[in-house]
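Text of the file start-v2.txt, holding compact mmCIF, C-alpha atoms:
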```txt
# COMPACT_ATOMS: atom_id res chain seq x y z
CA MET A 887 1.75 8.15 29.82
CA ALA A 888 1.04 8.16 33.56
CA ILE A 889 -2.69 8.74 32.95
CA LEU A 890 -2.72 5.95 30.37
CA LYS A 891 -1.06 3.56 32.82
CA GLN A 892 -3.64 4.50 35.43
CA ASP A 893 -6.50 3.73 33.04
CA LEU A 894 -4.93 0.38 32.16
CA SER A 895 -4.51 -0.57 35.81
CA PHE A 896 -8.04 -2.04 35.81
CA LEU A 897 -7.00 -4.66 33.28
CA LYS A 898 -3.77 -5.40 35.11
CA ASN A 899 -5.47 -5.82 38.49
CA ASN A 900 -8.33 -7.92 37.13
CA VAL A 901 -6.50 -9.99 34.54
CA LYS A 902 -8.16 -13.25 35.63
CA GLN A 903 -11.67 -11.83 35.21
CA VAL A 904 -11.04 -10.19 31.83
CA ASP A 905 -11.67 -12.23 28.70
CA ALA A 906 -10.55 -11.36 25.17
CA GLU A 907 -13.76 -9.56 24.27
CA MET A 908 -13.74 -7.42 27.42
CA PHE A 909 -10.03 -6.70 26.98
CA THR A 910 -10.56 -5.44 23.44
CA SER A 911 -13.58 -3.37 24.47
CA LYS A 912 -11.74 -1.75 27.40
CA ILE A 913 -8.63 -1.02 25.34
CA ARG A 914 -10.66 0.55 22.54
CA GLY A 915 -12.51 2.71 25.05
CA ILE A 916 -9.26 3.91 26.60
CA MET A 917 -7.76 4.65 23.18
CA ASP A 918 -10.87 6.59 22.13
CA SER A 919 -10.63 8.75 25.25
CA HIS A 920 -6.91 9.51 24.88
CA ALA A 921 -6.50 9.48 21.09
CA PRO A 922 -9.84 9.66 19.24
CA GLN A 923 -9.70 8.28 15.74
CA THR A 924 -9.76 10.91 13.01
CA SER A 925 -9.82 10.66 9.25
CA ARG A 926 -8.20 12.73 6.57
CA THR A 927 -8.10 12.65 2.80
CA VAL A 928 -4.70 12.16 1.20
CA THR A 929 -4.33 12.62 -2.53
CA ASP A 930 -1.93 10.12 -4.04
CA ARG A 931 -0.19 11.68 -7.00
CA THR A 932 2.35 9.62 -8.88
CA SER A 933 5.34 11.73 -9.84
CA SER A 934 6.22 11.96 -13.51
CA PRO A 935 9.32 9.97 -14.49
CA TRP A 936 11.11 13.15 -15.51
CA PHE A 937 10.36 14.89 -12.18
CA SER A 938 13.79 15.43 -10.60
CA VAL A 939 15.11 16.56 -7.24
CA GLU A 940 15.72 20.01 -8.70
CA SER A 941 12.13 20.18 -9.93
CA LYS A 942 10.89 19.30 -6.46
CA ALA A 943 13.09 21.95 -4.83
CA VAL A 944 11.97 24.81 -7.09
CA LYS A 945 8.35 23.71 -6.74
CA GLN A 946 8.60 23.88 -2.95
CA ALA A 947 10.22 27.31 -3.22
CA ARG A 948 7.37 28.48 -5.45
CA ARG A 949 4.77 27.27 -2.94
CA GLY A 950 6.59 29.16 -0.19
CA THR A 951 6.56 32.42 -2.13
CA GLU A 952 2.90 31.87 -3.03
CA ARG A 953 1.92 31.46 0.62
CA LYS A 954 3.92 34.55 1.54
CA TRP A 955 2.21 36.60 -1.17
CA ASN A 956 -1.26 35.37 -0.16
CA LYS A 957 -0.51 36.35 3.42
CA SER A 958 1.02 39.78 2.79
CA GLY A 959 -0.69 40.86 -0.44
CA LEU A 960 2.35 42.99 -1.33
CA GLU A 961 3.28 43.61 -4.95
CA ILE A 962 6.92 42.69 -4.32
CA ASP A 963 5.88 39.29 -2.97
CA LYS A 964 3.68 38.80 -6.02
CA GLN A 965 6.59 39.51 -8.36
CA ILE A 966 8.81 37.08 -6.44
CA TYR A 967 6.11 34.43 -6.74
CA LEU A 968 5.72 35.01 -10.49
CA TYR A 969 9.48 34.71 -10.92
CA HIS A 970 9.54 31.34 -9.15
CA LYS A 971 6.51 30.21 -11.11
CA LYS A 972 8.30 30.95 -14.37
CA GLN A 973 11.41 29.21 -13.07
CA VAL A 974 9.44 26.05 -12.23
CA ARG A 975 7.89 25.97 -15.69
CA GLY A 976 11.28 26.32 -17.38
CA ILE A 977 13.03 23.67 -15.26
CA ASN A 978 10.18 21.19 -15.71
CA LEU A 979 10.14 21.74 -19.46
CA THR A 980 13.90 21.19 -19.67
CA ALA A 981 13.75 18.06 -17.50
CA LYS A 982 10.91 16.63 -19.57
CA ARG A 983 12.70 17.35 -22.84
CA GLU A 984 15.94 15.75 -21.64
CA TYR A 985 14.08 12.68 -20.33
CA TYR A 986 12.28 11.98 -23.60
CA ASN A 987 15.35 12.76 -25.70
CA LEU A 988 17.19 10.08 -23.74
CA LYS A 989 14.29 7.66 -24.09
CA PHE A 990 14.07 8.14 -27.85
CA SER A 991 17.82 7.70 -28.20
CA GLU A 992 17.51 4.27 -26.55
CA VAL A 993 14.73 3.06 -28.87
CA GLN A 994 15.76 -0.09 -30.74
CA ASN A 995 12.74 -0.79 -32.96
CA SER A 996 9.62 0.79 -34.38
CA LYS A 997 7.36 -0.84 -31.77
CA ASP A 998 9.17 0.85 -28.90
CA PHE A 999 9.16 4.10 -30.85
CA PHE A 1000 5.38 4.08 -31.29
CA ASN A 1001 4.81 3.02 -27.67
CA LEU A 1002 6.94 5.90 -26.44
CA SER A 1003 5.22 8.30 -28.83
CA ASN A 1004 1.80 7.21 -27.57
CA GLU A 1005 2.98 7.70 -23.99
CA LEU A 1006 4.23 11.19 -24.81
CA LEU A 1007 0.99 12.09 -26.61
CA GLY A 1008 -1.16 10.60 -23.85
CA LYS A 1009 -2.83 8.01 -26.04
CA ASP A 1010 -4.49 5.06 -24.34
CA LYS A 1011 -3.53 1.55 -25.34
CA ASN A 1012 -6.34 -0.31 -27.06
CA THR A 1013 -7.23 -3.73 -25.72
CA LYS A 1014 -6.03 -6.37 -28.15
CA LEU A 1015 -8.51 -9.17 -28.79
CA PRO A 1016 -7.96 -12.26 -30.94
CA LYS A 1017 -8.96 -11.63 -34.54
CA SER A 1018 -9.44 -15.31 -35.34
CA ILE A 1019 -12.69 -15.41 -33.33
CA LYS A 1020 -15.77 -13.39 -34.16
CA SER A 1021 -16.53 -10.64 -31.65
CA GLU A 1022 -20.00 -12.04 -30.89
CA LEU A 1023 -18.46 -15.41 -29.97
CA LEU A 1024 -15.69 -14.04 -27.73
CA PRO A 1025 -17.69 -13.91 -24.45
CA ASP A 1026 -18.79 -17.54 -24.73
CA THR A 1027 -15.28 -18.60 -25.76
CA PHE A 1028 -13.72 -16.95 -22.73
CA GLY A 1029 -16.41 -18.39 -20.47
CA ASP A 1030 -15.91 -21.94 -21.78
CA PHE A 1031 -12.16 -21.61 -21.31
CA PHE A 1032 -12.41 -20.70 -17.63
CA ILE A 1033 -15.14 -23.27 -16.93
CA GLU A 1034 -12.94 -25.99 -18.39
CA LYS A 1035 -9.97 -24.73 -16.40
CA ILE A 1036 -11.93 -24.81 -13.13
CA GLU A 1037 -13.18 -28.34 -13.85
CA LYS A 1038 -9.60 -29.50 -14.40
CA LEU A 1039 -8.51 -27.94 -11.11
CA ARG A 1040 -11.38 -29.61 -9.25
CA HIS A 1041 -10.52 -32.97 -10.78
CA THR A 1042 -6.89 -32.56 -9.71
CA LEU A 1043 -7.89 -31.64 -6.15
CA VAL A 1044 -10.23 -34.63 -5.85
CA SER A 1045 -7.52 -36.97 -7.13
CA ASP A 1046 -5.02 -35.61 -4.59
CA PHE A 1047 -7.57 -35.95 -1.78
CA ASN A 1048 -8.29 -39.59 -2.64
CA HIS A 1049 -4.57 -40.26 -2.73
CA ASP A 1050 -4.15 -38.81 0.78
CA GLU A 1051 -6.93 -41.05 2.13
CA ASP A 1052 -5.01 -44.13 0.99
CA PHE A 1053 -1.92 -43.00 2.87
CA ASP A 1054 -1.09 -45.17 5.90
CA ASP A 1055 0.65 -43.18 8.62
CA SER A 1056 0.92 -46.11 11.02
CA GLN A 1057 4.48 -46.72 9.86
CA SER A 1058 5.51 -43.11 10.15
CA ASP A 1059 8.42 -42.26 12.45
CA ALA A 1060 7.16 -38.74 13.14
CA SER A 1061 7.07 -37.77 16.81
CA THR A 1062 3.81 -36.76 18.44
CA LEU A 1063 3.01 -33.99 20.90
CA SER A 1064 1.34 -35.53 23.93
CA THR A 1065 2.09 -33.14 26.81
CA LEU A 1066 2.71 -29.44 27.30
CA SER A 1067 4.96 -27.95 29.94
CA PRO A 1068 3.17 -25.46 32.21
CA VAL A 1069 4.18 -21.81 31.95
CA THR A 1070 4.00 -19.04 34.50
CA ASN A 1071 2.79 -15.48 34.12
CA ASP A 1072 6.40 -14.31 34.12
CA ASP A 1073 7.18 -16.66 31.22
CA VAL A 1074 4.31 -15.23 29.19
CA LYS A 1075 5.28 -11.65 30.07
CA THR A 1076 8.91 -12.23 29.11
CA THR A 1077 7.89 -13.76 25.79
CA ILE A 1078 5.55 -10.88 24.95
CA LEU A 1079 8.03 -8.16 25.90
CA SER A 1080 10.84 -9.79 23.93
CA ALA A 1081 8.71 -10.14 20.79
CA VAL A 1082 8.93 -7.65 17.93
CA SER A 1083 6.46 -4.79 18.39
CA LYS A 1084 4.41 -5.27 15.24
CA HIS A 1085 0.98 -3.75 14.83
CA CYS A 1086 -2.04 -4.11 12.56
CA ASP A 1087 -5.48 -2.51 12.35
CA LEU A 1088 -7.01 -5.40 14.31
CA ASN A 1089 -5.05 -4.47 17.45
CA PRO A 1090 -7.05 -2.19 19.75
CA MET A 1091 -3.83 -0.47 20.88
CA PRO A 1092 -0.32 -0.18 19.39
CA ILE A 1093 1.85 -2.92 20.86
CA TYR A 1094 4.68 -0.59 21.86
CA LEU A 1095 2.26 1.45 23.98
CA LEU A 1096 0.88 -1.65 25.64
CA LYS A 1097 4.39 -2.86 26.46
CA ASN A 1098 5.36 0.46 28.04
CA CYS A 1099 2.29 0.36 30.24
```

Go ahead and express the file in the form of structure tokens.
Amino acid sequence: MAILKQDLSFLKNNVKQVDAEMFTSKIRGIMDSHAPQTSRTVTDRTSSPWFSVESKAVKQARRGTERKWNKSGLEIDKQIYLYHKKQVRGINLTAKREYYNLKFSEVQNSKDFFNLSNELLGKDKNTKLPKSIKSELLPDTFGDFFIEKIEKLRHTLVSDFNHDEDFDDSQSDASTLSTLSPVTNDDVKTTILSAVSKHCDLNPMPIYLLKNC
């Protein structure tokens, strides 16, 4: 942190000569020298609805025994790994069976039954298109629908705009902002430090780091 503060001292000592573009450039350079940006690939796997806490625990235990076996190469570690592998398969099968048994017991009609069956069998849902229109006419029908909808929206916006032009604000009692009270550097600093330390990708440096420096 001390080295980071030292690197940022240039900006603090030359605050009047630093514009927004230079500030961003300097901050990004400092961040690249202290914490170079790296990238990594993260696989996002959605857990199955029947995947329970117990399933997660035995799966983690299996991975631990697998790593130990790969590292040692001993037969005993291999047998321990195979035991945990079999245990994971059995627990997952039981959890999946109980989940779908409960789901089927809650089915109220044939539609829900077939939907649940298709989900269990991994069948994709077919896109339902209107049967009253010939398939060769569907693209033009959809296109005409959206064109007409856009034209209606434009007509509504133009009508609202013309209505606003006719509005006379001379009789409005709304107050106007004519002057601004001057603020000092301490006022700005106090406001910034008291604000919530939020951060987005557009910021060259995390706000909490900048505040601490």

Fewer than 3 positions away in the same chain doesn't count, so skip those; otherwise give me all residues within 12 Å of Leu1006 in chain A, counting all atoms listed in the file, as a VMD selection string. chain A and resid 934 to 936 982 to 983 985 to 987 989 to 990 999 to 1003 1009 to 1010

Residues near Met1091 in chain A, cut-off 8 Å, only C-alpha atoms, skip fewer than 3 positions along chain, as number ranges by chain: A: 913-914, 917, 1095-1096

Could you name the residues that touch Leu1079 in chain A at 10 Å or less, counting all atoms listed in the file, but leaving out those on the same chain fewer than 3 positions away, as a ChimeraX atom specification? /A:1074-1076,1082-1083,1093-1094,1096-1098

Atomic separation - CA of Ser941 in chain A relative to CA of Ile977 in chain A, Å: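 These two atoms are separated by 6.4 Å.
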
Using only C-alpha atoms, pick whichever of A:Val974, A:Ser925, A:Leu1015, A:His920 has the shortest atom-to-atom distance to Gln946 in chain A. A:Val974

Separation of CA of Leu960 in chain A and CA of Leu979 in chain A, in Å? 29.0 Å

Point-to-point distance from CA of Asn956 in chain A to CA of Arg975 in chain A, Å rounded to tenths: 20.3 Å

Let me make sure I understand: among A:Gly950, A:Pro922, A:Pro1090, A:Pro1068, which one has the smallest atom-to-atom distance to Ala906 in chain A if we use all atoms listed in the file?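 The answer is A:Pro1090, which sits nearest to Ala906 in chain A.
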
A:Ala981, A:Ile1033, A:Ala947, A:Val1044 ranked by distance to Ile966 in chain A, top pick (using all atoms listed in the file): A:Ala947

Choose the residue, out of A:Ser996, A:Ser1021, A:Asn1089, A:Asn978, that has the smallest atom-to-atom separation from Phe937 in chain A; count only C-alpha atoms. A:Asn978

For range 1026-1045 of chain A, what centre and edge lengths in Å (one decimal) does the axis-aligned box get once 4 Å is added on each side of all its listed atoms, as AutoDock Vina command-line options?
```
--center_x -12.8 --center_y -27.0 --center_z -15.8 --size_x 19.9 --size_y 28.0 --size_z 27.9
```
